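*Asks:* Pasting a structure here, questions to come.
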Amino acid sequence: MTHTVDLHWLSSQINEASVKGIALAASTLIREGQIAVGMQMPAVRELAEVLGVSPATVSAAWAQLKKQKVLAGKGRSGVWVSGNTVMPRPIRFEKIGNYGDNIQADLAMASPDPALLPNLQLALQAAIQSPQLNSYHREAISPQLLRAVQPRWPYPAEAFLATDGGFDAMNLVVQTLVSPGDRVIIEDPTATRLLDMLDNVGAEILPLACDSEGPLPEVLSTLLVKSPVMVIYQPRTHSATGHTISPQRRHELTQVLASSATLIVEDDGIGDLSVAPAWSLGAAFPERTIHVRSFSKAYGPDLRLAVLSATAEMVKRIQAWRNFGVSWTSRILQDAVAWLLEDAATQQQIAYAKESYRVRRERLLQALAARGMLLEARDGLSIYIPVLSEQFAMITLAARGIAVLPGERCRLGPVQFIRVSIASLHEQQLEMIASALVIASGREISLSANL
């Protein structure tokens with residue numbers, strides 16, 4: 001027999017009748033064992049009435065705990081306790097890479113080829129000469145890095161902040177500026193970890209449909225009516241699809257956003273490996289644009305470095321939240337990147353890497369075209385392939401020792417696709433991989449990669 005948690009006892013344990021307060025109180029009681037696994041939670045409407053809040057508030061609190069696999073159920077069957085380990089986790093991201101032991105070609109992660117990364121020895125030697133080394137002064141960005149990034153920044157930003165990589169920057173933005181229940185517009189598809197971040201803070205995600213030129217202006221206009229707190233998009237070389245926003249689309253997005261006050265967050269994850277020049281809506285809306293550029297893929301993942309720009313007030317807010325933890329990014333890493341940005345030989349290496357990735361993309365696209373699969377040439381460390389069934393594609397490829405990323409990890413809509421990394425594609429495997437991808441797509445005729 002299932003026992004139901006006493007309504008009035010539970011309400012007495014909730015000190016703050018907000019989404020965050022209800023979720024925190026319930027998770028604490030479950031973790032401490034005062035509410036056992038298997039117990040039924042009170043009806044949403046009844047608890048809301050006792051607490052004096054709307055049913056939507058209680059539902060949002062339960063939704064947070066469902067994402068953490070603590071609660072389960074909905075509708076007439078009610079909600080019950082399904083676990084007692086309350087720990088926020090990036091569910092989508094953690095699913096990447098677990099493909100078993102028989103994988104011969106791991107094309108799931110679009111990570112840079114180590115052979116195409118710059119040598120860091122001279123950069124690190126230069127960085128340890130920093131005059132600010134080992135200071136506890138919590139400066140937002142080192143003078144050396146600021147001097148290196150400002151001339152190449154796409155708009156004259158008011159303030160800058162160095163962070164521990166692009167996703168750290170995006171997480172800082174989300175944690176600081178998004179509250180539970182806030183609406184956030186984000187491209188669909190998008191980066192897997194961005195969706196995990198928004199889920200973790202309890203945001204209501206509004207998917208923004210895209211085509212090969214970027215986000216659709218008419219869809220964005222419709223979503224802005226819902227008063228979102230921010231819109232997140234990738235300005236160049238999209239991580240899932242490889243598209244880059246066209247100049248015409250930039251103009252159209254600027255016109256749509258001019259009629260709103262929504263915060264604009266730009267995630268330039270591929271950074272200097274993009275074939276497209278850097279640009280930003282900050283040129284039109286500097287007072288409400290946050291621009292993030294990662295240097296990890298181009299210069300080295302272990303540098304863990306990105307730079308964020310915004311108004312001085314927004315940077316101050318983000319820095320204040322960051323002071324709960326690390327407070328600042330290593331000056332050794334900051335100044336190493338600064339040295340790399342200003343070193344001519346390193347910049348030649350970056351140009352060589354971009355060309356190498358282009359050649360690898362082209363070779364795979366040509367091999368697919370020879371088998372009747374015609375895909376649009378885009379950019380990035382992977383290619384986007386529409387499929388009839390992601391499940392069929394994943395099983396088919398796994399049986400042939402190939403791992404790719406299923407679209408479900410980074411999409412909210414129904415469009416089925418897989419993302420195939422070309423970053424470390426071996427020439428000797430090319431023909432085998434191309435043949436398998438055609439079979440996995442489930443299509444017998446030529447196709448084009450329209451989103």
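Here, A, B, ... name the chains of the structure tokens in the order displayed, residue numbers run from 1 inside each chain, and ligands are numbered from 1 in the same displayed order.
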Would you pick out the contacts of region 227-230 of chain A at 12 Å or less, using only C-alpha atoms, so that residues sharing its chain but fewer than 3 positions from it are not included, and give the list as a ChimeraX atom specification?
*Replies:* /A:173-174,176-187,198,203-207,220-224,233,257,259-266,288-290
*Asks:* What residues in region 151-387 of chain A get the DSSP label helix (DSSP H, G or I)? Please answer as a ChimeraX atom specification.
*Replies:* /A:151-152,166-177,192-200,217-224,247-257,271-273,281-283,286-288,296-299,301-303,312-322,331-342,344-369
*Asks:* Skipping near chain neighbours, those fewer than 3 positions away, what residues fall within 10 Å of Thr346 (chain A) using only C-alpha atoms, listed as JSON, numbers by chain?
*Replies:* {"A": [117, 118, 119, 120, 123, 299, 339, 340, 341, 342, 343, 349, 350, 351, 352]}
*Asks:* Output N, CA, C and O atoms of each residue in that selection to a file, as an mmCIF file, in the first residue's frame.
*Replies:*
```cif
data_model
loop_
_atom_site.group_PDB
_atom_site.id
_atom_site.type_symbol
_atom_site.label_atom_id
_atom_site.label_comp_id
_atom_site.auth_asym_id
_atom_site.auth_seq_id
_atom_site.Cartn_x
_atom_site.Cartn_y
_atom_site.Cartn_z
ATOM 1 N N LEU A 117 46.684 21.404 -32.680
ATOM 2 C CA LEU A 117 46.716 22.457 -31.670
ATOM 3 C C LEU A 117 48.115 23.073 -31.569
ATOM 4 O O LEU A 117 49.110 22.384 -31.803
ATOM 5 N N PRO A 118 48.209 24.342 -31.203
ATOM 6 C CA PRO A 118 49.522 24.987 -31.071
ATOM 7 C C PRO A 118 50.334 24.372 -29.932
ATOM 8 O O PRO A 118 49.790 23.859 -28.958
ATOM 9 N N ASN A 119 51.654 24.449 -30.063
ATOM 10 C CA ASN A 119 52.560 24.063 -28.980
ATOM 11 C C ASN A 119 52.491 25.138 -27.897
ATOM 12 O O ASN A 119 52.671 26.321 -28.167
ATOM 13 N N LEU A 120 52.237 24.722 -26.658
ATOM 14 C CA LEU A 120 52.024 25.686 -25.568
ATOM 15 C C LEU A 120 53.284 26.029 -24.786
ATOM 16 O O LEU A 120 53.237 26.859 -23.875
ATOM 17 N N ALA A 123 54.346 29.724 -24.864
ATOM 18 C CA ALA A 123 53.266 30.542 -24.303
ATOM 19 C C ALA A 123 53.249 30.446 -22.780
ATOM 20 O O ALA A 123 53.091 31.455 -22.083
ATOM 21 N N TYR A 299 42.972 26.843 -29.414
ATOM 22 C CA TYR A 299 44.295 26.961 -28.795
ATOM 23 C C TYR A 299 44.623 25.848 -27.803
ATOM 24 O O TYR A 299 45.789 25.644 -27.471
ATOM 25 N N TRP A 339 49.534 35.539 -25.205
ATOM 26 C CA TRP A 339 50.763 35.353 -25.989
ATOM 27 C C TRP A 339 50.443 34.663 -27.313
ATOM 28 O O TRP A 339 50.941 35.062 -28.371
ATOM 29 N N LEU A 340 49.594 33.637 -27.268
ATOM 30 C CA LEU A 340 49.235 32.903 -28.482
ATOM 31 C C LEU A 340 48.502 33.779 -29.485
ATOM 32 O O LEU A 340 48.696 33.668 -30.699
ATOM 33 N N LEU A 341 47.644 34.644 -28.976
ATOM 34 C CA LEU A 341 46.876 35.529 -29.866
ATOM 35 C C LEU A 341 47.775 36.517 -30.601
ATOM 36 O O LEU A 341 47.464 36.937 -31.725
ATOM 37 N N GLU A 342 48.892 36.883 -29.986
ATOM 38 C CA GLU A 342 49.781 37.890 -30.576
ATOM 39 C C GLU A 342 50.999 37.282 -31.254
ATOM 40 O O GLU A 342 51.837 38.014 -31.790
ATOM 41 N N ASP A 343 51.094 35.950 -31.262
ATOM 42 C CA ASP A 343 52.243 35.268 -31.868
ATOM 43 C C ASP A 343 51.931 34.894 -33.310
ATOM 44 O O ASP A 343 50.973 34.174 -33.591
ATOM 45 N N GLN A 349 49.474 28.571 -37.469
ATOM 46 C CA GLN A 349 49.033 27.231 -37.094
ATOM 47 C C GLN A 349 47.506 27.157 -37.048
ATOM 48 O O GLN A 349 46.902 26.171 -37.466
ATOM 49 N N ILE A 350 46.860 28.217 -36.546
ATOM 50 C CA ILE A 350 45.393 28.253 -36.507
ATOM 51 C C ILE A 350 44.830 28.216 -37.926
ATOM 52 O O ILE A 350 43.859 27.500 -38.208
ATOM 53 N N ALA A 351 45.444 28.971 -38.829
ATOM 54 C CA ALA A 351 44.994 28.974 -40.226
ATOM 55 C C ALA A 351 45.170 27.589 -40.851
ATOM 56 O O ALA A 351 44.297 27.117 -41.601
ATOM 57 N N TYR A 352 46.260 26.923 -40.527
ATOM 58 C CA TYR A 352 46.502 25.571 -41.040
ATOM 59 C C TYR A 352 45.470 24.590 -40.491
ATOM 60 O O TYR A 352 44.964 23.728 -41.223
#
```
*Asks:* I'd like the neighbourhood of Arg249 (chain A) as a PyMOL selection string, where a residue qualifies if any of its atoms comes within 9 Å (using only C-alpha atoms), though same-chain residues fewer than 4 positions away should be ignored.
*Replies:* chain A and resi 213-217+245+253-254
*Asks:* Find the residues around region 2-11 of chain A up to 12 Å (only C-alpha atoms counted), leave out those fewer than 2 positions away in its own chain, and share them as a ChimeraX atom specification.
*Replies:* /A:13-17,21-23,25-30,34-53,58,77-81
*Asks:* For Leu303 (chain A), which residue among A:Ala209, A:Ala162, A:Ile141, A:Ala105 is the nearest when counting only C-alpha atoms?
*Replies:*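 Closest candidate: A:Ala162.
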*Asks:* For Ala127 (chain A), list every protein, DNA or RNA residue within 7 Å, evaluated using only C-alpha atoms, and leave out those in the same chain fewer than 6 positions away; present the list as a list in words.
*Replies:* Ile332, Asp335 and Ala336 of chain A
*Asks:* Compile a residue-level contact table for region 360-407 of chain A against region 431-442 of chain A at a cut-off of 6 Å, reporting for every qualifying residue the shortest atom pair and its distance in Å to one decimal, with only C-alpha atoms counted, rows ordered by chain and ascending number, as a Markdown table.
*Replies:*
```
| residue | atom | partner | partner_atom | distance |
| --- | --- | --- | --- | --- |
| A:Ala367 | CA | A:Ala434 | CA | 6.0 |
| A:Leu368 | CA | A:Ala434 | CA | 5.5 |
| A:Val387 | CA | A:Ser441 | CA | 4.3 |
| A:Leu388 | CA | A:Gly442 | CA | 5.6 |
| A:Ala393 | CA | A:Ala440 | CA | 4.2 |
| A:Thr396 | CA | A:Ala440 | CA | 5.7 |
```
*Asks:* What would the file look like if the residues just selected were written as a JSON list (two decimals), in the first residue's frame with N, CA, C and O atoms?
*Replies:*
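Contents of again.json, as written:
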```json
[["chain", "number", "residue", "atom", "x", "y", "z"],
["A", 367, "ALA", "N", 32.65, 11.73, -50.25],
["A", 367, "ALA", "CA", 32.42, 10.29, -50.16],
["A", 367, "ALA", "C", 30.93, 9.99, -50.03],
["A", 367, "ALA", "O", 30.42, 9.01, -50.60],
["A", 368, "LEU", "N", 30.22, 10.83, -49.31],
["A", 368, "LEU", "CA", 28.77, 10.66, -49.18],
["A", 368, "LEU", "C", 28.07, 10.97, -50.50],
["A", 368, "LEU", "O", 27.13, 10.27, -50.91],
["A", 387, "VAL", "N", 18.25, 12.24, -40.67],
["A", 387, "VAL", "CA", 17.96, 10.81, -40.76],
["A", 387, "VAL", "C", 16.47, 10.59, -40.56],
["A", 387, "VAL", "O", 15.78, 11.44, -40.00],
["A", 388, "LEU", "N", 15.98, 9.45, -41.02],
["A", 388, "LEU", "CA", 14.57, 9.11, -40.81],
["A", 388, "LEU", "C", 14.30, 8.70, -39.38],
["A", 388, "LEU", "O", 13.22, 8.93, -38.84],
["A", 393, "ALA", "N", 19.54, 4.88, -36.82],
["A", 393, "ALA", "CA", 20.88, 5.32, -37.21],
["A", 393, "ALA", "C", 21.93, 4.92, -36.17],
["A", 393, "ALA", "O", 23.00, 4.40, -36.50],
["A", 396, "THR", "N", 22.42, 1.08, -36.16],
["A", 396, "THR", "CA", 23.10, 0.67, -37.39],
["A", 396, "THR", "C", 24.59, 1.00, -37.33],
["A", 396, "THR", "O", 25.44, 0.18, -37.71]]
```
*Asks:* Nearest to Ala115 (chain A) among A:Ala169, A:Met373, A:Ile395, A:Ala353, with distances taken over only C-alpha atoms: which residue is it?
*Replies:* A:Ala353
*Asks:* Taking only C-alpha atoms into account, which of A:Glu252, A:Leu273, A:Glu158, A:Glu408 comes nearest Met314 (chain A)?
*Replies:*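 Ranked by minimum distance to Met314 (chain A), first place goes to A:Glu158.
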*Asks:* Could you tell me which of A:Gly401, A:Gly300, A:Ala240, A:His291 comes closest to Phe417 (chain A) if we count only C-alpha atoms?
*Replies:*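 Between A:Gly401, A:Gly300, A:Ala240, A:His291, the residue approaching Phe417 (chain A) most closely is A:Ala240.
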